[in-house]
Structures are given as structure tokens and as C-alpha cells.
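Participant: For reference, the file data-v7.txt (compact mmCIF, C-alpha atoms) is included below:
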# COMPACT_ATOMS: atom_id res chain seq x y z
CA ALA H 1378 -1.34 -9.43 -19.66
CA LYS H 1379 -4.36 -9.46 -21.96
CA ALA H 1380 -4.05 -5.69 -22.39
CA VAL H 1381 -0.39 -6.02 -23.37
CA ILE H 1382 -1.21 -8.75 -25.91
CA LEU H 1383 -4.02 -6.65 -27.41
CA GLY H 1384 -1.84 -3.55 -27.56
CA HIS H 1385 0.88 -5.42 -29.45
CA GLN H 1386 -1.75 -6.81 -31.85
CA ILE H 1387 -2.96 -3.28 -32.56
CA ASN H 1388 0.58 -2.05 -33.17
CA PRO H 1389 3.67 -4.24 -32.73
CA ASN H 1390 5.73 -1.08 -32.19
CA PHE H 1391 3.82 -0.08 -29.05
CA LYS H 1392 5.95 -0.04 -25.90
CA ILE H 1393 3.71 -1.08 -23.03
CA GLY H 1394 4.95 -0.99 -19.46
CA CYS H 1395 3.84 -1.43 -15.88
CA MET H 1396 4.01 0.86 -12.85
CA VAL H 1397 5.06 0.07 -9.28
CA GLN H 1398 6.36 1.97 -6.30
CA TYR H 1399 9.89 0.75 -5.67
CA PRO H 1400 10.70 1.05 -1.95
CA GLU H 1401 14.47 0.59 -1.88
CA SER H 1402 15.43 -0.61 1.60
CA TYR H 1403 18.38 -1.60 3.76
CA PRO H 1404 18.61 -3.98 6.73
CA ALA H 1405 18.38 -2.05 10.00
CA THR H 1406 21.29 -4.03 11.48
CA CYS H 1407 23.82 -6.65 10.40
CA GLN H 1408 21.79 -9.35 12.17
CA PRO H 1409 21.02 -12.13 9.66
CA ILE H 1410 17.31 -11.92 10.53
CA ASP H 1411 17.23 -8.31 9.36
CA GLN H 1412 18.83 -9.34 6.06
CA ILE H 1413 15.93 -11.75 5.60
CA ALA H 1414 13.47 -9.01 6.59
CA LYS H 1415 14.90 -6.73 3.90
CA ARG H 1416 14.63 -9.49 1.30
CA GLU H 1417 11.03 -10.31 2.19
CA TYR H 1418 10.07 -6.64 2.23
CA MET H 1419 11.42 -6.14 -1.29
CA LEU H 1420 9.91 -9.40 -2.53
CA PHE H 1421 6.39 -8.02 -2.16
CA THR H 1422 7.27 -5.57 -4.95
CA HIS H 1423 9.15 -8.19 -6.95
CA TYR H 1424 6.10 -10.47 -6.88
CA TYR H 1425 4.21 -7.96 -9.03
CA LEU H 1426 7.15 -7.33 -11.33
CA ASP H 1427 8.04 -11.02 -11.71
CA VAL H 1428 4.69 -11.93 -13.18
CA MET H 1429 4.42 -8.81 -15.37
CA CYS H 1430 8.01 -8.97 -16.65
CA ARG H 1431 8.76 -12.71 -16.61
CA GLY H 1432 5.28 -14.06 -17.19
CA PHE H 1433 4.99 -16.41 -14.24
CA TYR H 1434 4.61 -16.46 -10.47
CA THR H 1435 7.81 -17.48 -8.68
CA ASN H 1436 7.98 -20.30 -6.17
CA THR H 1437 8.54 -17.81 -3.33
CA CYS H 1438 5.44 -15.87 -4.33
CA LEU H 1439 3.28 -19.00 -4.38
CA ALA H 1440 4.73 -20.17 -1.08
CA LYS H 1441 4.09 -16.79 0.55
CA GLN H 1442 0.45 -16.85 -0.58
CA GLU H 1443 -0.04 -20.23 1.03
CA GLN H 1444 1.65 -19.05 4.23
CA LEU H 1445 -0.82 -16.17 4.34
CA GLY H 1446 -3.74 -18.53 3.94
CA GLY H 1447 -4.41 -17.94 0.27
CA LYS H 1448 -4.12 -20.03 -2.87
CA LEU H 1449 -3.69 -18.78 -6.42
CA ILE H 1450 -6.47 -20.00 -8.72
CA ILE H 1451 -5.06 -20.66 -12.19
CA ASP H 1452 -7.57 -21.45 -14.94
CA GLU H 1453 -6.73 -23.27 -18.15
CA GLY H 1454 -4.89 -20.95 -20.53
CA ASP H 1455 -3.88 -18.43 -17.85
CA GLU H 1456 -0.24 -19.43 -17.84
CA GLU H 1457 0.06 -19.02 -21.61
CA ILE H 1458 -1.54 -15.55 -21.42
CA LEU H 1459 0.93 -14.50 -18.73
CA ARG H 1460 3.88 -15.75 -20.80
CA LYS H 1461 2.73 -13.90 -23.92
CA GLY H 1462 1.65 -10.72 -22.14
CA THR H 1463 4.89 -9.55 -20.55
CA VAL H 1464 5.63 -5.82 -20.49
CA ASP H 1465 8.24 -3.98 -22.56
CA PHE H 1466 9.51 -1.74 -19.79
CA ILE H 1467 9.20 -1.05 -16.05
CA GLY H 1468 7.82 2.25 -14.87
CA PHE H 1469 8.38 2.94 -11.20
CA SER H 1470 8.22 5.70 -8.62
CA TYR H 1471 11.07 6.46 -6.27
CA TYR H 1472 11.00 9.05 -3.49
CA PHE H 1473 12.85 7.61 -0.51
CA SER H 1474 14.44 4.51 0.99
CA SER H 1475 13.62 2.63 4.19
CA ILE H 1476 15.40 0.53 6.78
CA VAL H 1477 13.85 -2.82 7.59
CA SER H 1478 13.90 -5.05 10.65
CA TYR H 1479 12.08 -8.07 12.02
CA GLN H 1480 9.88 -7.56 15.07
CA ARG H 1481 9.36 -10.01 17.91
CA ASP H 1482 5.86 -10.84 16.68
CA GLY H 1483 7.28 -11.87 13.28
CA SER H 1484 6.17 -8.75 11.44
CA ILE H 1485 8.43 -6.50 9.38
CA ASN H 1486 9.03 -2.89 10.39
CA ALA H 1487 10.02 -0.48 7.60
CA LYS H 1488 9.54 2.80 9.46
CA GLY H 1489 12.85 3.09 11.25
CA ARG H 1490 15.12 6.14 11.10
CA ASN H 1491 18.26 5.90 9.00
CA PRO H 1492 20.83 8.03 10.86
CA TYR H 1493 22.96 8.44 7.74
CA LEU H 1494 20.32 10.26 5.71
CA GLU H 1495 18.58 13.63 5.89
CA LEU H 1496 14.78 13.87 6.12
CA THR H 1497 12.17 15.88 4.23
CA ASP H 1498 9.58 17.98 6.05
CA TRP H 1499 7.41 14.85 6.02
CA ARG H 1500 10.22 12.69 7.41
CA TRP H 1501 10.97 10.81 4.23
CA HIS H 1502 14.61 9.80 3.82
CA ILE H 1503 16.46 11.69 1.09
CA ASP H 1504 18.53 9.02 -0.61
CA SER H 1505 19.75 9.62 -4.16
CA LEU H 1506 22.16 6.69 -3.91
CA GLY H 1507 19.14 4.50 -3.20
CA LEU H 1508 17.80 5.39 -6.65
CA ARG H 1509 21.03 4.19 -8.22
CA VAL H 1510 20.79 0.96 -6.23
CA ALA H 1511 17.18 0.52 -7.36
CA LEU H 1512 18.10 1.04 -11.02
CA ASN H 1513 20.92 -1.50 -10.80
CA GLU H 1514 18.76 -4.03 -8.97
CA LEU H 1515 15.83 -3.76 -11.34
CA TYR H 1516 17.88 -3.90 -14.53
CA ASP H 1517 20.02 -6.79 -13.32
CA ARG H 1518 16.89 -8.73 -12.37
CA TYR H 1519 14.68 -8.10 -15.42
CA GLN H 1520 16.93 -6.84 -18.26
CA ILE H 1521 14.27 -4.59 -19.80
CA PRO H 1522 14.27 -0.77 -20.07
CA LEU H 1523 13.39 1.29 -16.99
CA PHE H 1524 11.43 4.53 -16.65
CA VAL H 1525 11.49 6.63 -13.47
CA VAL H 1526 7.96 8.00 -13.78
CA GLU H 1527 7.80 9.66 -10.35
CA ASN H 1528 10.53 11.29 -8.29
CA GLY H 1529 10.28 14.45 -6.23
CA LEU H 1530 10.50 16.35 -2.99
CA GLY H 1531 7.47 17.43 -0.97
CA ALA H 1532 8.27 20.47 1.17
CA VAL H 1533 6.78 23.48 2.94
CA ASP H 1534 7.61 26.30 0.50
CA GLN H 1535 7.40 29.96 1.43
CA LEU H 1536 6.19 32.58 -1.06
CA ASN H 1537 8.24 35.77 -0.71
CA GLU H 1538 6.74 39.24 -1.02
CA ASP H 1539 8.37 39.70 -4.43
CA GLY H 1540 6.67 36.55 -5.77
CA THR H 1541 9.74 34.31 -5.56
CA VAL H 1542 10.21 31.00 -3.78
CA ASP H 1543 13.66 30.01 -2.56
CA ASP H 1544 13.69 26.21 -2.89
CA GLN H 1545 17.35 25.35 -3.19
CA TYR H 1546 16.57 22.11 -1.33
CA ARG H 1547 14.47 20.97 -4.31
CA ILE H 1548 17.25 21.85 -6.72
CA ASP H 1549 19.73 19.89 -4.61
CA TYR H 1550 17.37 16.92 -4.51
CA MET H 1551 16.94 16.84 -8.28
CA ARG H 1552 20.66 17.34 -8.95
CA GLU H 1553 21.68 14.39 -6.82
CA HIS H 1554 19.00 12.08 -8.21
CA VAL H 1555 19.84 12.96 -11.82
CA LYS H 1556 23.49 12.34 -10.99
CA ALA H 1557 22.57 8.92 -9.59
CA MET H 1558 20.71 8.06 -12.79
CA SER H 1559 23.69 9.14 -14.89
CA GLU H 1560 25.95 6.84 -12.89
CA ALA H 1561 23.55 3.93 -13.43
CA ILE H 1562 23.48 4.65 -17.17
CA ASP H 1563 27.30 4.58 -17.16
CA GLU H 1564 26.95 1.03 -15.83
CA ASP H 1565 24.82 0.14 -18.90
CA VAL H 1566 21.42 0.41 -17.22
CA ASP H 1567 18.85 1.06 -19.97
CA LEU H 1568 16.97 4.08 -18.60
CA MET H 1569 14.43 5.36 -21.11
CA GLY H 1570 13.07 8.36 -19.22
CA TYR H 1571 12.59 10.42 -16.08
CA THR H 1572 9.65 12.57 -14.98
CA TRP H 1573 9.37 14.69 -11.85
CA TRP H 1574 6.37 14.66 -9.53
CA GLY H 1575 4.97 17.11 -10.17
CA CYS H 1576 5.48 20.21 -12.32
CA ILE H 1577 2.95 22.37 -10.45
CA ASP H 1578 1.76 22.33 -6.83
CA LEU H 1579 -1.25 20.07 -6.32
CA VAL H 1580 -3.03 18.30 -3.50
CA SER H 1581 -0.82 15.47 -2.25
CA ALA H 1582 -2.35 12.09 -3.00
CA GLY H 1583 -0.64 10.70 0.08
CA THR H 1584 -1.71 13.21 2.74
CA GLY H 1585 -4.50 15.28 1.15
CA GLU H 1586 -2.56 18.52 1.67
CA ILE H 1587 -1.45 21.17 -0.77
CA ARG H 1588 1.06 22.56 1.71
CA LYS H 1589 3.12 19.45 0.87
CA ARG H 1590 4.40 21.04 -2.31
CA TYR H 1591 6.26 19.20 -5.06
CA GLY H 1592 6.05 21.56 -8.00
CA PHE H 1593 8.38 24.02 -9.72
CA ILE H 1594 5.42 26.40 -9.85
CA TYR H 1595 3.89 27.72 -6.64
CA VAL H 1596 0.09 27.93 -6.45
CA ASP H 1597 -1.22 30.50 -3.96
CA VAL H 1598 -3.76 28.37 -2.10
CA ASP H 1599 -3.82 26.67 1.29
CA ASP H 1600 -5.19 23.34 2.54
CA PHE H 1601 -8.64 24.87 3.01
CA GLY H 1602 -8.91 26.35 -0.50
CA ASN H 1603 -8.07 29.91 0.56
CA GLY H 1604 -5.87 32.01 -1.73
CA THR H 1605 -5.66 33.79 -5.06
CA TYR H 1606 -4.72 30.67 -7.05
CA LYS H 1607 -2.07 32.72 -8.84
CA ARG H 1608 1.02 30.90 -10.10
CA TYR H 1609 4.63 31.84 -9.33
CA LYS H 1610 7.83 30.30 -10.67
CA LYS H 1611 10.03 28.88 -7.93
CA ASP H 1612 13.83 29.03 -8.15
CA SER H 1613 13.74 25.38 -9.18
CA PHE H 1614 11.74 26.22 -12.33
CA GLU H 1615 14.72 27.42 -14.36
CA TYR H 1616 16.90 24.65 -12.97
CA CYS H 1617 14.39 22.01 -14.03
CA LYS H 1618 14.19 23.60 -17.47
CA LYS H 1619 17.98 23.44 -17.80
CA VAL H 1620 18.13 19.80 -16.73
CA TYR H 1621 15.41 18.69 -19.13
CA THR H 1622 16.61 20.70 -22.16
CA SER H 1623 20.12 19.32 -21.71
CA ASN H 1624 18.79 15.76 -21.26
CA GLY H 1625 20.42 15.61 -17.85
CA LYS H 1626 23.86 16.73 -19.05
CA ASP H 1627 23.82 20.15 -17.34
CA ILE H 1628 23.05 19.68 -13.64
CA ASP H 1629 25.40 22.25 -12.06
Will you turn the file into C-alpha cells for me?
Facilitator:
Amino acid sequence: AKAVILGHQINPNFKIGCMVQYPESYPATCQPIDQIAKREYMLFTHYYLDVMCRGFYTNTCLAKQEQLGGKLIIDEGDEEILRKGTVDFIGFSYYFSSIVSYQRDGSINAKGRNPYLELTDWRWHIDSLGLRVALNELYDRYQIPLFVVENGLGAVDQLNEDGTVDDQYRIDYMREHVKAMSEAIDEDVDLMGYTWWGCIDLVSAGTGEIRKRYGFIYVDVDDFGNGTYKRYKKDSFEYCKKVYTSNGKDID
């Protein structure tokens, strides 16, 4: 909050945002307890956004801290700083959705298999509709511009002898997610931008592997550093170029 205040003092025209992972989720069953599990699972993300976007900690956030054995220490002047230091937009990453259920021990499980969705090579659910749901939920809740700063598909790509990479699955993934964003915009969601993760193959921050490839450009190297390190355009390269240069209008 202090950084936001200082940034606006330096230049009132600065747009300063936050960044969270937004794990869109669905109840695993129609049991009421699973509806509560879904709500509590999402609230852990909303707790961060509530204070950064609204400038205060909600009653449910404070209650949850006490239930977990903690207590928020608020010094004099903190509440005013939080109120004045709210962000101008929400940046968030979206890759997949989850299904959520309560366990017998009272914990929440978010690792179940959604039978209605396909999986990536790393067993992440492919759910473009979930991105649309996330955009609607976030904008309805906070009413400030949104920025999808990370979205992408990690896959095992194969480099052909002619230097090409057939990654139609990545093209399909991007097409459906851009379509979902367009539908949210049609419902008056203020979406200020979209960036793919990432433009070139790199070591995955999540698994420490380069064989989990996200880029539109293939890098000839394996998990152990072996390879020529040469770059090759994948089929998705030209598609990505078309999507970006048309500002998402041309996705066919």
C-alpha cells in the first residue's frame, strides 16, 4: 500500500496493480459442504485481493486468522495507509481450474479430477470457460480493470527433422481462452491486457524442467542442459502473431 501511494505521488497517471494466481474452482459434488469448501478455497485468494483492492481486511479474513491461531497486528495509521494505497488494476495468472471437496478431517482437497475437462501432459485441467468465470467473478467483486498476465499450456513438444514443431494443441488452447476473454468483454468486463506464458521455452518455475514447454519458440536443450540451444519457430508462432496483431479479433 505504501508503494502504491508513493507511485501515485511520483506520477498520478501511473497505473499500479497487484498480482495473484486465480485458481478458479468448482464444488466436487452438489453436497452443501462442498459448496462451502469451494467458497473457502477461493476466499484465500480473495483475502489478498480484498485488502489490496478495497483497502481493508474483511470480517471473514480476520475470523479465519483467529481460527488458525493467529491475530492480525494493526498499528496506528495502518488502516488509513491501506485505504489510501489501493491498486488500480488486478493482474492475475490463470492456467487451469480445480474441483474442491471437504475431507473427513476437515481439510479441503483441490486435486480431484474433473471428468468434463481434458488434461495437459502435466494433468492440469484445460478450462477456457473457467477463465471467463474468473473474469466475471473478479470484475463483479472489485469493479477495477483486469489484466491476465499469465496464461499458457505446458506440453511435451517434439522437434521434427525439418525444424518444425506441430503444436496444434497450443493453438487450440490459446484460441479458446482468447474467445473466453472476448465473451467476458462483451459482458462489459474491463480487460486491459493479456500476455502468454511464455514466448520462448524456459525452465518451468513449477517443476524445474524445460521439457515442460510453454513457448512459441522451441529451444533445443533438455532437462540436463544438453543440446544445441538453437531456436525454432513452432506452428503456434504465426498463430500467436496473428492473434496479437489483430488484438484478439482474428482467432480462426
Participant: Determine, counting all atoms listed in the file, which protein, DNA and RNA residues have an atom within 12 Å of an atom of Lys1618 (chain H); residues of the same chain fewer than 5 positions away are not included. Present the result as a ChimeraX atom specification.
Facilitator: /H:1548,1551,1573,1576,1593-1594,1610-1613,1623-1628
Participant: Rounded to one decimal in Å, what is the spacing between CA of Ala1380 (chain H) and CA of Gly1575 (chain H)?
Facilitator: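 Computing it gives 27.4 Å between the two atoms.
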Participant: For the atom pair CA of Pro1404 (chain H) and CA of Gly1583 (chain H), what is the interatomic distance in Å to one decimal place?
Facilitator: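 Going from CA of Pro1404 (chain H) over to CA of Gly1583 (chain H) covers 25.1 Å.
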Participant: For Glu1560 (chain H), please output as JSON, numbers by chain all residues within 10 Å (counting all atoms listed in the file; exclusion window: fewer than 4 positions along the same chain).
Facilitator: {"H": [1506, 1509, 1512, 1513, 1554, 1555, 1556, 1564, 1565, 1566]}
Participant: Taking into account only C-alpha atoms, which residue in the set H:Glu1457, H:Asp1543, H:Asp1504, H:Glu1538 is nearest to Lys1379 (chain H)?
Facilitator: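 Of the candidates, the smallest distance to Lys1379 (chain H) is held by H:Glu1457.
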Participant: Give as a list in words every residue, naming chains and numbers as the document does, that has an atom within 10 Å of (2.5, -13.0, -21.2), counting only C-alpha atoms.
Facilitator: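 Residues with an atom at most 10 Å from (2.5, -13.0, -21.2): Ala1378, Lys1379, Ala1380, Val1381, Ile1382, Val1428, Met1429, Cys1430, Arg1431, Gly1432, Phe1433, Asp1455, Glu1456, Glu1457, Ile1458, Leu1459, Arg1460, Lys1461, Gly1462, Thr1463 and Val1464 of chain H.
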Participant: Pick the closest to His1385 (chain H) from H:Phe1524, H:Tyr1616, H:Asp1465, H:Tyr1606: which is it, counting all atoms listed in the file?
Facilitator: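 Selected residue with least distance to His1385 (chain H): H:Asp1465.
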